[in-house]
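To be precise, the following lines are query11.txt, and they hold compact mmCIF, C-alpha atoms.
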```
# COMPACT_ATOMS: atom_id res chain seq x y z
CA MET O 14 -220.89 122.78 18.44
CA GLY O 15 -220.96 123.33 14.71
CA ARG O 16 -217.82 123.06 12.64
CA VAL O 17 -217.78 126.75 11.66
CA ARG O 18 -218.50 128.03 15.16
CA GLY O 19 -215.90 125.70 16.70
CA SER O 20 -213.28 126.79 14.17
CA LEU O 21 -213.99 130.44 14.86
CA GLU O 22 -213.66 129.93 18.61
CA ALA O 23 -210.40 128.01 18.12
CA CYS O 24 -209.05 130.98 16.15
CA GLY O 25 -210.11 133.38 18.90
CA ASP O 26 -212.98 134.96 16.95
CA ARG O 27 -215.55 134.69 19.72
CA ARG O 28 -217.74 137.53 18.39
CA ARG O 29 -218.41 135.73 15.11
CA ALA O 30 -218.78 132.42 16.98
CA ALA O 31 -221.49 134.02 19.15
CA TRP O 32 -223.30 135.21 16.00
CA PHE O 33 -223.39 131.64 14.69
CA ALA O 34 -224.74 130.43 18.04
CA GLU O 35 -227.52 133.04 17.89
CA ALA O 36 -228.34 132.04 14.30
CA ASP O 37 -228.65 128.41 15.46
CA VAL O 38 -231.15 129.38 18.16
CA VAL O 39 -233.18 131.50 15.74
CA ALA O 40 -233.31 128.62 13.23
CA PHE O 41 -234.38 126.18 15.94
CA ASP O 42 -237.09 128.53 17.26
CA ARG O 43 -238.41 129.04 13.74
CA ALA O 44 -238.49 125.29 13.14
CA VAL O 45 -240.34 124.76 16.45
CA GLU O 46 -243.08 127.10 15.23
CA GLU O 47 -243.27 125.48 11.78
CA THR O 48 -243.41 121.82 12.85
CA ALA O 49 -245.91 119.69 14.75
CA THR O 50 -243.83 116.80 16.09
CA ALA O 51 -240.37 116.13 17.45
CA ARG O 52 -239.57 114.09 14.33
CA GLU O 53 -240.62 116.91 12.00
CA LEU O 54 -238.53 119.36 14.03
CA TYR O 55 -235.53 117.04 13.94
CA ASP O 56 -235.87 116.50 10.18
CA ALA O 57 -236.23 120.23 9.53
CA MET O 58 -233.07 121.03 11.49
CA ARG O 59 -231.15 118.16 9.84
CA ALA O 60 -232.15 119.59 6.45
CA PHE O 61 -230.94 123.03 7.56
CA TYR O 62 -227.72 121.63 9.08
CA PRO O 63 -226.85 118.50 7.05
CA ASP O 64 -223.31 118.29 8.47
CA LEU O 65 -224.42 118.42 12.10
CA VAL O 66 -221.74 116.93 14.32
CA ASN O 67 -223.98 115.60 17.11
CA PRO O 68 -227.45 114.59 15.87
CA GLY O 69 -228.20 112.95 19.23
CA ALA O 70 -228.17 116.33 20.94
CA LEU O 71 -230.55 117.66 18.29
CA TRP O 72 -232.92 114.73 18.87
CA SER O 73 -232.91 115.41 22.62
CA SER O 74 -233.67 119.08 21.98
CA ALA O 75 -236.45 118.24 19.53
CA ARG O 76 -238.08 115.88 22.06
CA ALA O 77 -237.83 118.52 24.78
CA ALA O 78 -239.41 121.17 22.53
CA LYS O 79 -242.15 118.85 21.23
CA PRO O 80 -243.00 116.36 24.02
```

Write the structure described by the file as structure tokens, please.
Amino acid sequence: MGRVRGSLEACGDRRRAAWFAEADVVAFDRAVEETATARELYDAMRAFYPDLVNPGALWSSARAAKP
């Protein structure tokens, strides 16, 4: 979970936290369309989210999206 989304949930602002979750999915879907390999997808998302807390989860998602 991203730092902003996690902080919002901790403060009880679940509506804004859900918006950030949706924005994450939209960004990932866009990157899937714009990249050819799992590595390119991973790199694109790391560039978009440089402070990502769990890059291992992103790598697993990238490999699942681009086998």

### Task
Pick out the residues sitting within 8 Å of Ala78 in chain O, and hand them over as a list in words; count only C-alpha atoms, and ignore anything fewer than 4 positions along from it in its own chain.
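Listed by chain and then number, they are Val45, Ala51 and Ser74 of chain O.
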
### Task
Fewer than 2 positions away in the same chain doesn't count, so skip those; otherwise give me all residues within 12 Å of Ala70 in chain O, counting all atoms listed in the file, as a list in words.
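Residues near the query, excluding close chain neighbours: Met14, Gly15, Tyr55, Met58, Arg59, Leu65, Val66, Asn67, Pro68, Trp72, Ser73, Ser74, Ala75, Arg76 and Ala77 of chain O.
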
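A straight line drawn from CA of Pro80 in chain O to CA of Val38 in chain O is 18.6 Å long.
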
Since the input lacks atoms, please generate N, CA and C atoms for range 30-63 of chain O and provide them as a compact mmCIF listing (two decimals), in the coordinates of the input.
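Listing of rebuild.txt after writing:
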```txt
# COMPACT_ATOMS: atom_id res chain seq x y z
N ALA O 30 -218.28 133.70 16.47
CA ALA O 30 -218.78 132.42 16.98
C ALA O 30 -220.11 132.63 17.70
N ALA O 31 -220.24 133.72 18.45
CA ALA O 31 -221.49 134.02 19.15
C ALA O 31 -222.60 134.29 18.15
N TRP O 32 -222.28 134.95 17.03
CA TRP O 32 -223.30 135.21 16.00
C TRP O 32 -223.83 133.89 15.46
N PHE O 33 -222.94 132.94 15.19
CA PHE O 33 -223.39 131.64 14.69
C PHE O 33 -224.26 130.94 15.72
N ALA O 34 -223.93 131.04 17.00
CA ALA O 34 -224.74 130.43 18.04
C ALA O 34 -226.13 131.05 18.05
N GLU O 35 -226.22 132.36 17.92
CA GLU O 35 -227.52 133.04 17.89
C GLU O 35 -228.31 132.60 16.66
N ALA O 36 -227.66 132.48 15.52
CA ALA O 36 -228.34 132.04 14.30
C ALA O 36 -228.90 130.63 14.48
N ASP O 37 -228.17 129.76 15.19
CA ASP O 37 -228.65 128.41 15.46
C ASP O 37 -229.93 128.44 16.28
N VAL O 38 -229.97 129.28 17.29
CA VAL O 38 -231.15 129.38 18.16
C VAL O 38 -232.33 129.92 17.37
N VAL O 39 -232.11 130.93 16.56
CA VAL O 39 -233.18 131.50 15.74
C VAL O 39 -233.73 130.44 14.78
N ALA O 40 -232.86 129.68 14.14
CA ALA O 40 -233.31 128.62 13.23
C ALA O 40 -234.12 127.57 13.97
N PHE O 41 -233.66 127.19 15.16
CA PHE O 41 -234.38 126.18 15.94
C PHE O 41 -235.75 126.71 16.36
N ASP O 42 -235.81 127.95 16.86
CA ASP O 42 -237.09 128.53 17.26
C ASP O 42 -238.06 128.61 16.09
N ARG O 43 -237.56 128.97 14.93
CA ARG O 43 -238.41 129.04 13.74
C ARG O 43 -238.94 127.65 13.39
N ALA O 44 -238.07 126.66 13.45
CA ALA O 44 -238.49 125.29 13.14
C ALA O 44 -239.50 124.77 14.17
N VAL O 45 -239.36 125.16 15.43
CA VAL O 45 -240.34 124.76 16.45
C VAL O 45 -241.72 125.27 16.07
N GLU O 46 -241.80 126.51 15.62
CA GLU O 46 -243.08 127.10 15.23
C GLU O 46 -243.68 126.45 13.98
N GLU O 47 -242.82 125.98 13.08
CA GLU O 47 -243.27 125.48 11.78
C GLU O 47 -243.53 123.97 11.75
N THR O 48 -243.25 123.27 12.84
CA THR O 48 -243.41 121.82 12.85
C THR O 48 -244.38 121.40 13.94
N ALA O 49 -244.91 120.18 13.79
CA ALA O 49 -245.91 119.69 14.75
C ALA O 49 -245.38 118.62 15.69
N THR O 50 -244.34 117.91 15.28
CA THR O 50 -243.83 116.80 16.09
C THR O 50 -242.32 116.92 16.26
N ALA O 51 -241.82 116.16 17.23
CA ALA O 51 -240.37 116.13 17.45
C ALA O 51 -239.65 115.63 16.20
N ARG O 52 -240.21 114.63 15.54
CA ARG O 52 -239.57 114.09 14.33
C ARG O 52 -239.52 115.13 13.22
N GLU O 53 -240.62 115.86 13.03
CA GLU O 53 -240.62 116.91 12.00
C GLU O 53 -239.59 117.99 12.33
N LEU O 54 -239.51 118.36 13.60
CA LEU O 54 -238.53 119.36 14.03
C LEU O 54 -237.11 118.87 13.78
N TYR O 55 -236.84 117.64 14.16
CA TYR O 55 -235.53 117.04 13.94
C TYR O 55 -235.18 117.02 12.45
N ASP O 56 -236.11 116.57 11.63
CA ASP O 56 -235.87 116.50 10.18
C ASP O 56 -235.64 117.88 9.58
N ALA O 57 -236.40 118.87 10.05
CA ALA O 57 -236.23 120.23 9.53
C ALA O 57 -234.84 120.78 9.87
N MET O 58 -234.39 120.53 11.09
CA MET O 58 -233.07 121.03 11.49
C MET O 58 -231.96 120.25 10.79
N ARG O 59 -232.15 118.95 10.57
CA ARG O 59 -231.15 118.16 9.84
C ARG O 59 -231.05 118.65 8.39
N ALA O 60 -232.18 119.05 7.81
CA ALA O 60 -232.15 119.59 6.45
C ALA O 60 -231.41 120.93 6.42
N PHE O 61 -231.59 121.72 7.48
CA PHE O 61 -230.94 123.03 7.56
C PHE O 61 -229.45 122.89 7.87
N TYR O 62 -229.10 121.89 8.67
CA TYR O 62 -227.72 121.63 9.08
C TYR O 62 -227.34 120.19 8.72
N PRO O 63 -227.12 119.89 7.45
CA PRO O 63 -226.85 118.50 7.05
C PRO O 63 -225.54 117.92 7.59
```
